[in-house]
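A quick write-up on the structure given underneath.
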Amino acid sequence: MSTLFTLSILQSALELGCIYALVALALFLSFSILNIADLSTDGCFTLGCAVGAMVTLSGHPVLALFAAAVAGVCSGFVTAFLQTRMGVPSILAGIIVNTGLYTVNIAVMGFSSNVNLFACDTIFSLAKEKLSYGWYADWYKLLIVLVIVIILGVILSLFLNTRLGLSIRATGDNEHMVRASSINPLFMITVGLCLANALTALSGAVLGHYQKSCDINLGTGMVTIALASLIIGETLVGKGSMFRKIAGVILGSCLYRFIVALALRLNVPAEALKLVSAVIVAVAISFPYLKEKSSFYRQRNHNRNAYREEESVNVSH
Amino acid sequence: MLVIESVSKTFNPGTVNEKKALDKVSLSLEDGDFATIVGSNGAGKSTLFHAITGNFYVDEGRIILGGEDITYCKEHVRSKMIGHLFQDPLKGTAPHMTIEENMALAYLRAATNRHAYFSRISAKEKKKFREQLALLDMGLENRMKQPVGLLSGGQRQALTLLMATMVTPRILLLDEHTAALDPATADKVLALTEKIIAKRRITCLMVTHNMHQALSLGNQTLMMDGGRIVFHVSGEERKHLTIEDLLEQFKTRSGKQLDNDRILLSR
């Protein structure tokens, strides 16, 4: 195992897992809780990375994270506005925004398809200066992303039990109830999507800092990858309190990165990973349905065989 | 106090499916009044409720609740003062949220400060929920952390009733809320409904297809047909009315037999 899985691989898988966990949390909010498939996630992730990179280039790495989150809120607001006020179906709203964001992202990066941050300070290089002594000197990256994801996870789980949070959850759970209980579902969808996209964009910005570059195609397939993490987390941790579910999502994201790291280690070409995540998501989502089907067929065949045996016994008599 | 002034609503106007669902309906209820509504299929009973809750805006007329004109008030704004129970017990609660969370939602919606978005439920309030659940006598007070989806239809309807009346509504609308339950559970939920309404003097409108209930519950009986209220009886006159009288009245007022296929004549 040690040859297959070195400590540095474990470490980088955890780091990436925590960074991408923010997107998984975003989809937890929009997909699991609000029951909306937000397909603008890909573009929003790149938007966060681009905005973060440009603000970082101008010398404000910490501010960059907040700027990215604000950009995400704007993107989420447009998606929500289209579906709540303009009558655009939710999936289409996401696709439209995603398409539009491509141009926006290019424009943000000064009409170039990539930007690099090698020459300037990032949150990681700032932390490295502060944490250069002691046992944690090698772990400063993990420490930062862990702190970010834990803080946001705790805030999210607390938030989902406030009045606003409960209302958002009810909106995705029972439309009839919501309309009969003085909750404005349109407002709740808007708030939910703004928050989810803020998380997505923040994730993009942190990843930009982590790999010191931003590319226009960074976000491609992000929805599927995040969904895979979400489903792995839900399958592992299952039902329970909100805190537990959120911990499961973060865990799922880390585990997904382990799988990816393992695959890369086994010389699976990096290009194949998108197909692997697509298969994981397709299988995981269809699994409960197939399970039900197969138990029905088993039951049916069992009953048929029982009758057949009975008949053959009767004939032989 | 609820005042409905000659309210009309036509669905799909100008098409072959045009349907005049409400035809100049007028109705006035005092505080603490409890009226039952009977009528044939498609008479406009549920449509009347939806007009009150704001599911659609009426074509003409006015709706005044507690002295406030709510005719063009948005649905989620007016539902703050209206309790609404549906026939389908699944409609009133959020299945993936726990009993406690559902109750918190009902409680927080009428919190004194409208903009207290980040308020949370305190331990004291949780205790209060527990006490209220205990009143249902269904053992729900020990299942506060369980998702509502695990409850039976009757339990969910009882919980919905509790949630709808947690903060006293200006009017409670009951749309055949016991019709989908088994007889024993239906009786229990109905008894509970009567108890809560009487105790808090809630103004209430109740659609029923049980003729016995129509006369025995509350202090008024309304009969609807073709989008109109064809018969409205209360007080002394109502006390002496029998089910046969009611059916006879319907026949003379609407010129046809009562044809609700679910109508129940027995007690």
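A note on labels: chains of the structure tokens are A, B, ... as shown, every chain counts residues from 1, and ligands are counted from 1 in their shown order.
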
May I have the residues within 12 Å of Glu237 in chain B as a VMD selection string, using only C-alpha atoms and disregarding those fewer than 4 positions away in the same chain?
chain B and resid 215 219 to 221 232 to 233 241 to 242 245 to 246

Would you kindly return, as a list in words, each protein, DNA or RNA residue with an atom no farther than 12 Å from any atom of Lys256 in chain B, considering only C-alpha atoms and excluding same-chain residues fewer than 3 positions away?
Gly39, Ser40, Asp225, Gly226, Leu247, Glu248, Gln249, Phe250, Lys251, Thr252, Arg253, Asp259 and Asn260 of chain B

With N, CA and C atoms retained, could you export that selection as an mmCIF file, in the first residue's frame?
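Written output follows (again31.cif):
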data_model
loop_
_atom_site.group_PDB
_atom_site.id
_atom_site.type_symbol
_atom_site.label_atom_id
_atom_site.label_comp_id
_atom_site.auth_asym_id
_atom_site.auth_seq_id
_atom_site.Cartn_x
_atom_site.Cartn_y
_atom_site.Cartn_z
ATOM 1 N N GLY B 39 -71.920 20.560 -0.978
ATOM 2 C CA GLY B 39 -72.271 20.879 -2.354
ATOM 3 C C GLY B 39 -71.847 19.772 -3.277
ATOM 4 N N SER B 40 -72.407 19.785 -4.496
ATOM 5 C CA SER B 40 -72.079 18.723 -5.444
ATOM 6 C C SER B 40 -70.667 18.909 -5.976
ATOM 7 N N ASP B 225 -73.704 25.460 -5.190
ATOM 8 C CA ASP B 225 -73.982 24.782 -6.458
ATOM 9 C C ASP B 225 -73.672 25.745 -7.605
ATOM 10 N N GLY B 226 -73.002 25.245 -8.615
ATOM 11 C CA GLY B 226 -72.694 26.048 -9.806
ATOM 12 C C GLY B 226 -71.995 27.360 -9.495
ATOM 13 N N LEU B 247 -81.416 17.997 1.973
ATOM 14 C CA LEU B 247 -81.434 17.494 0.604
ATOM 15 C C LEU B 247 -82.604 18.092 -0.172
ATOM 16 N N GLU B 248 -83.737 18.241 0.520
ATOM 17 C CA GLU B 248 -84.936 18.814 -0.094
ATOM 18 C C GLU B 248 -84.677 20.272 -0.484
ATOM 19 N N GLN B 249 -84.034 20.992 0.448
ATOM 20 C CA GLN B 249 -83.683 22.388 0.184
ATOM 21 C C GLN B 249 -82.804 22.494 -1.059
ATOM 22 N N PHE B 250 -81.852 21.567 -1.143
ATOM 23 C CA PHE B 250 -80.935 21.605 -2.276
ATOM 24 C C PHE B 250 -81.684 21.426 -3.587
ATOM 25 N N LYS B 251 -82.631 20.479 -3.553
ATOM 26 C CA LYS B 251 -83.395 20.166 -4.754
ATOM 27 C C LYS B 251 -84.204 21.383 -5.211
ATOM 28 N N THR B 252 -84.861 22.034 -4.272
ATOM 29 C CA THR B 252 -85.695 23.171 -4.656
ATOM 30 C C THR B 252 -84.838 24.370 -5.083
ATOM 31 N N ARG B 253 -83.708 24.584 -4.395
ATOM 32 C CA ARG B 253 -82.901 25.784 -4.688
ATOM 33 C C ARG B 253 -82.094 25.656 -5.980
ATOM 34 N N ASP B 259 -75.585 15.654 -6.357
ATOM 35 C CA ASP B 259 -74.948 14.525 -7.053
ATOM 36 C C ASP B 259 -73.495 14.320 -6.663
ATOM 37 N N ASN B 260 -73.140 14.730 -5.467
ATOM 38 C CA ASN B 260 -71.775 14.471 -5.019
ATOM 39 C C ASN B 260 -71.618 12.972 -4.809
#

Can you work out which residues from chain B touch chain A at a cut-off of 8 Å (counting only C-alpha atoms) and hand them back as a PyMOL selection string?
chain B and resi 53+75-80+83-84+91-97+101+104-106+108-109+116-121

Residues at most 8 Å from Asp175 in chain B, counting only C-alpha atoms, excluding those fewer than 2 positions away in the same chain, as a count of residues only?
11

Contacts between range 284-305 of chain A and range 143-234 of chain A, please, where a residue of range 143-234 of chain A counts if it comes within 10 Å (with only C-alpha atoms); show its shortest atom pair and distance in Å to one decimal, rows by chain and ascending number, as a Markdown table.
| residue | atom | partner | partner_atom | distance |
| --- | --- | --- | --- | --- |
| A:Leu227 | CA | A:Ile285 | CA | 9.6 |
| A:Ala228 | CA | A:Ala284 | CA | 7.9 |
| A:Ile231 | CA | A:Ala284 | CA | 6.7 |
| A:Ile232 | CA | A:Ala284 | CA | 8.0 |

10 Å contact set for Ser213 in chain A, only C-alpha atoms, chain neighbours under 3 positions out, as an MDAnalysis selection string
chainID A and resid 49:50 53 114:118 205 207:210 218

Could you pull out the strand (DSSP E or B) residues of range 33-247 of chain B from DSSP and send them as an MDAnalysis selection string?
chainID B and resid 34:39 60:65 68:69 82:85 98 147 171:175 204:207 210 220:225 228:234

Do a neighbour search on Leu25 in chain A at 9 Å with only C-alpha atoms, toss out local chain neighbours closer than 6 positions, and write the hits as a list in words.
Gly153, Leu156, Ala196, Leu199, Thr200, Ala226, Leu230, Ile246, Val249 and Ile250 of chain A
